[in-house]
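Shown below: model.pdb, with PDB, C-alpha atoms, pLDDT in the B column.
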```pdb
ATOM      1  CA  MET A   1      28.131  -0.678 -12.864  1.00 82.00           C
ATOM      2  CA  PRO A   2      25.177   0.039 -10.539  1.00 84.00           C
ATOM      3  CA  GLY A   3      25.783   0.576  -6.860  1.00 90.00           C
ATOM      4  CA  LEU A   4      24.553  -1.724  -4.108  1.00 92.00           C
ATOM      5  CA  ARG A   5      21.585   0.544  -3.321  1.00 91.00           C
ATOM      6  CA  ASP A   6      20.474   0.457  -6.988  1.00 91.00           C
ATOM      7  CA  ILE A   7      20.765  -3.335  -7.027  1.00 94.00           C
ATOM      8  CA  ALA A   8      18.765  -3.607  -3.778  1.00 91.00           C
ATOM      9  CA  SER A   9      16.025  -1.368  -5.159  1.00 93.00           C
ATOM     10  CA  ALA A  10      15.813  -3.436  -8.353  1.00 93.00           C
ATOM     11  CA  ASP A  11      15.606  -6.632  -6.286  1.00 92.00           C
ATOM     12  CA  LEU A  12      12.863  -5.080  -4.153  1.00 91.00           C
ATOM     13  CA  ALA A  13      10.886  -4.156  -7.282  1.00 92.00           C
ATOM     14  CA  LYS A  14      11.047  -7.808  -8.379  1.00 92.00           C
ATOM     15  CA  ILE A  15      10.031  -9.159  -4.953  1.00 91.00           C
ATOM     16  CA  LEU A  16       7.074  -6.775  -4.532  1.00 91.00           C
ATOM     17  CA  GLY A  17       5.982  -7.141  -8.151  1.00 91.00           C
ATOM     18  CA  ASP A  18       6.213 -10.904  -8.617  1.00 91.00           C
ATOM     19  CA  THR A  19       2.711 -12.406  -8.382  1.00 91.00           C
ATOM     20  CA  SER A  20       3.785 -15.981  -9.133  1.00 91.00           C
ATOM     21  CA  THR A  21       6.781 -16.644  -6.866  1.00 87.00           C
ATOM     22  CA  GLY A  22       7.145 -13.409  -4.886  1.00 83.00           C
ATOM     23  CA  PHE A  23       5.003 -11.349  -2.556  1.00 86.00           C
ATOM     24  CA  GLY A  24       3.134  -9.440  -5.270  1.00 93.00           C
ATOM     25  CA  ARG A  25      -0.643  -9.139  -5.087  1.00 94.00           C
ATOM     26  CA  ASN A  26      -2.951  -7.449  -7.560  1.00 96.00           C
ATOM     27  CA  THR A  27      -4.215  -4.196  -6.102  1.00 97.00           C
ATOM     28  CA  GLN A  28      -6.461  -1.446  -7.467  1.00 98.00           C
ATOM     29  CA  VAL A  29      -5.402   2.107  -6.623  1.00 98.00           C
ATOM     30  CA  THR A  30      -7.650   5.151  -7.116  1.00 98.00           C
ATOM     31  CA  ASN A  31      -6.447   8.723  -6.639  1.00 98.00           C
ATOM     32  CA  PRO A  32      -8.643  11.570  -5.298  1.00 97.00           C
ATOM     33  CA  SER A  33      -9.466  12.624  -8.884  1.00 96.00           C
ATOM     34  CA  GLY A  34     -11.040   9.213  -9.520  1.00 97.00           C
ATOM     35  CA  VAL A  35      -8.266   7.878 -11.764  1.00 97.00           C
ATOM     36  CA  SER A  36      -7.902   4.164 -11.081  1.00 98.00           C
ATOM     37  CA  ALA A  37      -5.264   1.646 -12.169  1.00 98.00           C
ATOM     38  CA  PRO A  38      -4.035  -1.811 -11.185  1.00 98.00           C
ATOM     39  CA  VAL A  39      -0.747  -1.889  -9.279  1.00 98.00           C
ATOM     40  CA  VAL A  40       1.056  -4.977  -8.003  1.00 97.00           C
ATOM     41  CA  GLY A  41       2.337  -4.730  -4.434  1.00 97.00           C
ATOM     42  CA  PHE A  42       2.576  -6.517  -1.092  1.00 96.00           C
ATOM     43  CA  SER A  43      -0.547  -6.263   1.051  1.00 95.00           C
ATOM     44  CA  THR A  44      -1.297  -7.133   4.667  1.00 94.00           C
ATOM     45  CA  ASP A  45      -4.551  -7.246   6.612  1.00 93.00           C
ATOM     46  CA  VAL A  46      -4.436  -8.619  10.152  1.00 89.00           C
ATOM     47  CA  SER A  47      -7.119  -8.536  12.811  1.00 83.00           C
ATOM     48  CA  THR A  48      -5.011  -8.456  15.957  1.00 75.00           C
ATOM     49  CA  ALA A  49      -2.543  -5.787  16.961  1.00 72.00           C
ATOM     50  CA  ILE A  50      -0.283  -5.018  19.901  1.00 80.00           C
ATOM     51  CA  ASP A  51      -0.804  -1.839  21.901  1.00 82.00           C
ATOM     52  CA  PRO A  52       2.581  -0.087  21.657  1.00 84.00           C
ATOM     53  CA  ASP A  53       2.122   1.527  25.092  1.00 89.00           C
ATOM     54  CA  THR A  54       1.296  -1.636  27.044  1.00 90.00           C
ATOM     55  CA  GLY A  55       2.500  -4.480  24.830  1.00 85.00           C
ATOM     56  CA  MET A  56      -0.910  -6.133  25.270  1.00 84.00           C
ATOM     57  CA  LEU A  57      -2.911  -7.691  22.462  1.00 78.00           C
ATOM     58  CA  ILE A  58      -5.874  -5.585  21.465  1.00 79.00           C
ATOM     59  CA  SER A  59      -8.740  -6.172  19.083  1.00 78.00           C
ATOM     60  CA  GLY A  60      -8.295  -4.191  15.930  1.00 80.00           C
ATOM     61  CA  ARG A  61      -7.406  -4.281  12.287  1.00 85.00           C
ATOM     62  CA  THR A  62      -4.148  -3.281  10.699  1.00 88.00           C
ATOM     63  CA  ALA A  63      -3.887  -3.169   6.924  1.00 95.00           C
ATOM     64  CA  SER A  64      -1.120  -1.886   4.697  1.00 97.00           C
ATOM     65  CA  VAL A  65       0.251  -2.188   1.204  1.00 98.00           C
ATOM     66  CA  ALA A  66       3.772  -1.620  -0.106  1.00 97.00           C
ATOM     67  CA  PHE A  67       4.595  -0.616  -3.673  1.00 98.00           C
ATOM     68  CA  HIS A  68       7.835   0.001  -5.470  1.00 97.00           C
ATOM     69  CA  PHE A  69       7.831   3.508  -6.952  1.00 97.00           C
ATOM     70  CA  SER A  70       8.340   2.026 -10.426  1.00 96.00           C
ATOM     71  CA  ALA A  71       5.052   0.050 -10.156  1.00 97.00           C
ATOM     72  CA  LEU A  72       3.142   3.249  -9.378  1.00 98.00           C
ATOM     73  CA  ARG A  73       4.793   5.127 -12.259  1.00 97.00           C
ATOM     74  CA  LEU A  74       4.118   2.236 -14.655  1.00 96.00           C
ATOM     75  CA  ALA A  75       0.437   2.416 -13.633  1.00 97.00           C
ATOM     76  CA  GLY A  76       0.438   6.126 -14.534  1.00 97.00           C
ATOM     77  CA  PHE A  77       0.573   7.700 -11.077  1.00 97.00           C
ATOM     78  CA  ILE A  78       2.905  10.685 -11.000  1.00 96.00           C
ATOM     79  CA  ASP A  79       2.289  11.426  -7.316  1.00 95.00           C
ATOM     80  CA  ASN A  80       2.696   8.935  -4.520  1.00 96.00           C
ATOM     81  CA  PRO A  81      -0.470   7.994  -2.629  1.00 97.00           C
ATOM     82  CA  ARG A  82      -0.865   9.747   0.711  1.00 96.00           C
ATOM     83  CA  GLY A  83      -3.415  10.309   3.425  1.00 95.00           C
ATOM     84  CA  VAL A  84      -5.932  13.098   2.916  1.00 93.00           C
ATOM     85  CA  ALA A  85      -6.660  14.786   6.252  1.00 88.00           C
ATOM     86  CA  ASP A  86      -9.701  16.714   5.031  1.00 87.00           C
ATOM     87  CA  ASN A  87     -12.733  14.431   5.487  1.00 85.00           C
ATOM     88  CA  LYS A  88     -14.639  16.412   2.844  1.00 89.00           C
ATOM     89  CA  SER A  89     -12.092  15.581   0.141  1.00 92.00           C
ATOM     90  CA  ARG A  90     -11.856  12.268  -1.660  1.00 96.00           C
ATOM     91  CA  PRO A  91      -9.071  10.022  -0.361  1.00 97.00           C
ATOM     92  CA  TRP A  92      -6.644   7.728  -2.126  1.00 98.00           C
ATOM     93  CA  VAL A  93      -8.388   4.330  -2.202  1.00 98.00           C
ATOM     94  CA  VAL A  94      -6.771   0.898  -2.320  1.00 98.00           C
ATOM     95  CA  GLU A  95      -8.650  -2.326  -3.036  1.00 98.00           C
ATOM     96  CA  PHE A  96      -7.385  -5.894  -2.864  1.00 97.00           C
ATOM     97  CA  ASN A  97      -8.622  -9.398  -2.191  1.00 96.00           C
ATOM     98  CA  ASP A  98      -7.624 -11.357   0.881  1.00 93.00           C
ATOM     99  CA  ILE A  99      -6.054 -14.813   0.575  1.00 91.00           C
ATOM    100  CA  GLU A 100      -9.528 -16.373   0.186  1.00 94.00           C
ATOM    101  CA  GLY A 101     -10.493 -14.026  -2.652  1.00 95.00           C
ATOM    102  CA  ASN A 102     -12.780 -11.760  -0.596  1.00 96.00           C
ATOM    103  CA  PRO A 103     -12.568  -8.105  -1.733  1.00 97.00           C
ATOM    104  CA  HIS A 104     -11.660  -5.327   0.711  1.00 97.00           C
ATOM    105  CA  LYS A 105     -11.630  -1.571   0.209  1.00 98.00           C
ATOM    106  CA  PHE A 106      -9.437   0.840   2.164  1.00 97.00           C
ATOM    107  CA  LYS A 107      -8.484   4.480   2.214  1.00 97.00           C
ATOM    108  CA  VAL A 108      -4.925   5.629   2.761  1.00 98.00           C
ATOM    109  CA  PHE A 109      -4.507   7.395   6.080  1.00 95.00           C
ATOM    110  CA  ARG A 110      -0.706   7.541   6.190  1.00 97.00           C
ATOM    111  CA  SER A 111       2.109   7.026   3.703  1.00 97.00           C
ATOM    112  CA  ASN A 112       5.690   6.160   4.507  1.00 97.00           C
ATOM    113  CA  PRO A 113       7.965   6.588   1.490  1.00 97.00           C
ATOM    114  CA  ASP A 114      11.426   5.027   1.577  1.00 96.00           C
ATOM    115  CA  ARG A 115      13.337   7.031  -0.998  1.00 94.00           C
ATOM    116  CA  ALA A 116      16.524   5.029  -0.424  1.00 93.00           C
ATOM    117  CA  ALA A 117      14.907   1.698  -1.343  1.00 94.00           C
ATOM    118  CA  GLY A 118      12.429   3.186  -3.831  1.00 95.00           C
ATOM    119  CA  MET A 119       9.235   2.014  -2.171  1.00 96.00           C
ATOM    120  CA  ILE A 120       6.261   3.339  -0.260  1.00 98.00           C
ATOM    121  CA  THR A 121       4.248   1.675   2.498  1.00 98.00           C
ATOM    122  CA  LEU A 122       0.665   2.852   2.862  1.00 98.00           C
ATOM    123  CA  GLU A 123      -1.162   2.445   6.139  1.00 97.00           C
ATOM    124  CA  LEU A 124      -4.831   1.797   5.426  1.00 97.00           C
ATOM    125  CA  GLU A 125      -8.206   1.925   7.135  1.00 95.00           C
ATOM    126  CA  ALA A 126     -11.460   0.325   6.041  1.00 93.00           C
ATOM    127  CA  TYR A 127     -13.467   2.415   3.584  1.00 95.00           C
ATOM    128  CA  LYS A 128     -16.934   2.100   2.093  1.00 86.00           C
TER     129      LYS A 128
END
```
In structure tokens, what does this structure look like?
Amino acid sequence: MPGLRDIASADLAKILGDTSTGFGRNTQVTNPSGVSAPVVGFSTDVSTAIDPDTGMLISGRTASVAFHFSALRLAGFIDNPRGVADNKSRPWVVEFNDIEGNPHKFKVFRSNPDRAAGMITLELEAYK
């Protein structure tokens, strides 16, 4: 019988990967080598943020995407996406449409894997 953590991870995979009744959104992921594949995950893109030092609203853009590890492996990615600090190297790129169907392209600048739940949250910045 699987443990509670295994059950929670399986439930999370269903929630993040369900495009009809869950939070899943179709996303295109491209690694620095140029290999690209569709991955279903939960994406966010908001235009207002709170300054953590002052608590004041500031003008900005915060975008992220969360994937279950199994979705990345199913898409053929062995490594987890991560930020690439070297500006001369190609970054991991994530593309998804907003709720109105407008396409947006981002590069990963930080990754936050949760190895207990089996997911990774990628913090994104606009990319052209």
Item to check | Contacts of stretch 83-92 of chain A at 8 Å (all atoms listed in the file; same-chain gap of 2+ positions) as a VMD selection string | outcome: chain A and resid 29 to 33 81 94 107 to 111
Item to check | Polymer residues at most 12 Å from stretch 3-10 of chain A, all atoms listed in the file, same-chain spacing of 5 or more positions, as a PyMOL selection string | outcome: chain A and resi 15-17+67-71+114-120
Grab the residues selected above and save them as a PDB file, in the coordinates of the input with C-alpha atoms.
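Printed below is selection_37.pdb as written:
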```pdb
ATOM      1  CA  ILE A  15      10.031  -9.159  -4.953  1.00 91.00           C
ATOM      2  CA  LEU A  16       7.074  -6.775  -4.532  1.00 91.00           C
ATOM      3  CA  GLY A  17       5.982  -7.141  -8.151  1.00 91.00           C
ATOM      4  CA  PHE A  67       4.595  -0.616  -3.673  1.00 98.00           C
ATOM      5  CA  HIS A  68       7.835   0.001  -5.470  1.00 97.00           C
ATOM      6  CA  PHE A  69       7.831   3.508  -6.952  1.00 97.00           C
ATOM      7  CA  SER A  70       8.340   2.026 -10.426  1.00 96.00           C
ATOM      8  CA  ALA A  71       5.052   0.050 -10.156  1.00 97.00           C
ATOM      9  CA  ASP A 114      11.426   5.027   1.577  1.00 96.00           C
ATOM     10  CA  ARG A 115      13.337   7.031  -0.998  1.00 94.00           C
ATOM     11  CA  ALA A 116      16.524   5.029  -0.424  1.00 93.00           C
ATOM     12  CA  ALA A 117      14.907   1.698  -1.343  1.00 94.00           C
ATOM     13  CA  GLY A 118      12.429   3.186  -3.831  1.00 95.00           C
ATOM     14  CA  MET A 119       9.235   2.014  -2.171  1.00 96.00           C
ATOM     15  CA  ILE A 120       6.261   3.339  -0.260  1.00 98.00           C
TER      16      ILE A 120
END
```
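Note that atom CA of A:Lys128 and atom CA of A:Ser47 are 18.0 Å apart.
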Next on the checklist: Since I can't run it myself right now, could you work out what the PyMOL selection byres ((chain A and resi 61) around 6) selects here and report it as JSON, numbers by chain?
Outcome noted: {"A": [46, 47, 60, 62]}
Checklist entry - A:Thr27: which residues within 12 Å, counting all atoms listed in the file, same-chain residues fewer than 3 positions away excluded, as number ranges by chain? => result A: 16-17, 19, 24, 30, 36-44, 64-67, 71-72, 75, 93-98, 103-106
Written file, previous selection with C-alpha atoms, as a compact mmCIF listing (two decimals), in the coordinates of the input:
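Dumped to out.txt:
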```txt
# COMPACT_ATOMS: atom_id res chain seq x y z
CA LEU A 16 7.07 -6.78 -4.53
CA GLY A 17 5.98 -7.14 -8.15
CA THR A 19 2.71 -12.41 -8.38
CA GLY A 24 3.13 -9.44 -5.27
CA THR A 30 -7.65 5.15 -7.12
CA SER A 36 -7.90 4.16 -11.08
CA ALA A 37 -5.26 1.65 -12.17
CA PRO A 38 -4.04 -1.81 -11.18
CA VAL A 39 -0.75 -1.89 -9.28
CA VAL A 40 1.06 -4.98 -8.00
CA GLY A 41 2.34 -4.73 -4.43
CA PHE A 42 2.58 -6.52 -1.09
CA SER A 43 -0.55 -6.26 1.05
CA THR A 44 -1.30 -7.13 4.67
CA SER A 64 -1.12 -1.89 4.70
CA VAL A 65 0.25 -2.19 1.20
CA ALA A 66 3.77 -1.62 -0.11
CA PHE A 67 4.60 -0.62 -3.67
CA ALA A 71 5.05 0.05 -10.16
CA LEU A 72 3.14 3.25 -9.38
CA ALA A 75 0.44 2.42 -13.63
CA VAL A 93 -8.39 4.33 -2.20
CA VAL A 94 -6.77 0.90 -2.32
CA GLU A 95 -8.65 -2.33 -3.04
CA PHE A 96 -7.38 -5.89 -2.86
CA ASN A 97 -8.62 -9.40 -2.19
CA ASP A 98 -7.62 -11.36 0.88
CA PRO A 103 -12.57 -8.10 -1.73
CA HIS A 104 -11.66 -5.33 0.71
CA LYS A 105 -11.63 -1.57 0.21
CA PHE A 106 -9.44 0.84 2.16
```
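Counting from atom CA of A:Thr121, the distance to atom CA of A:Arg73 is 15.2 Å.
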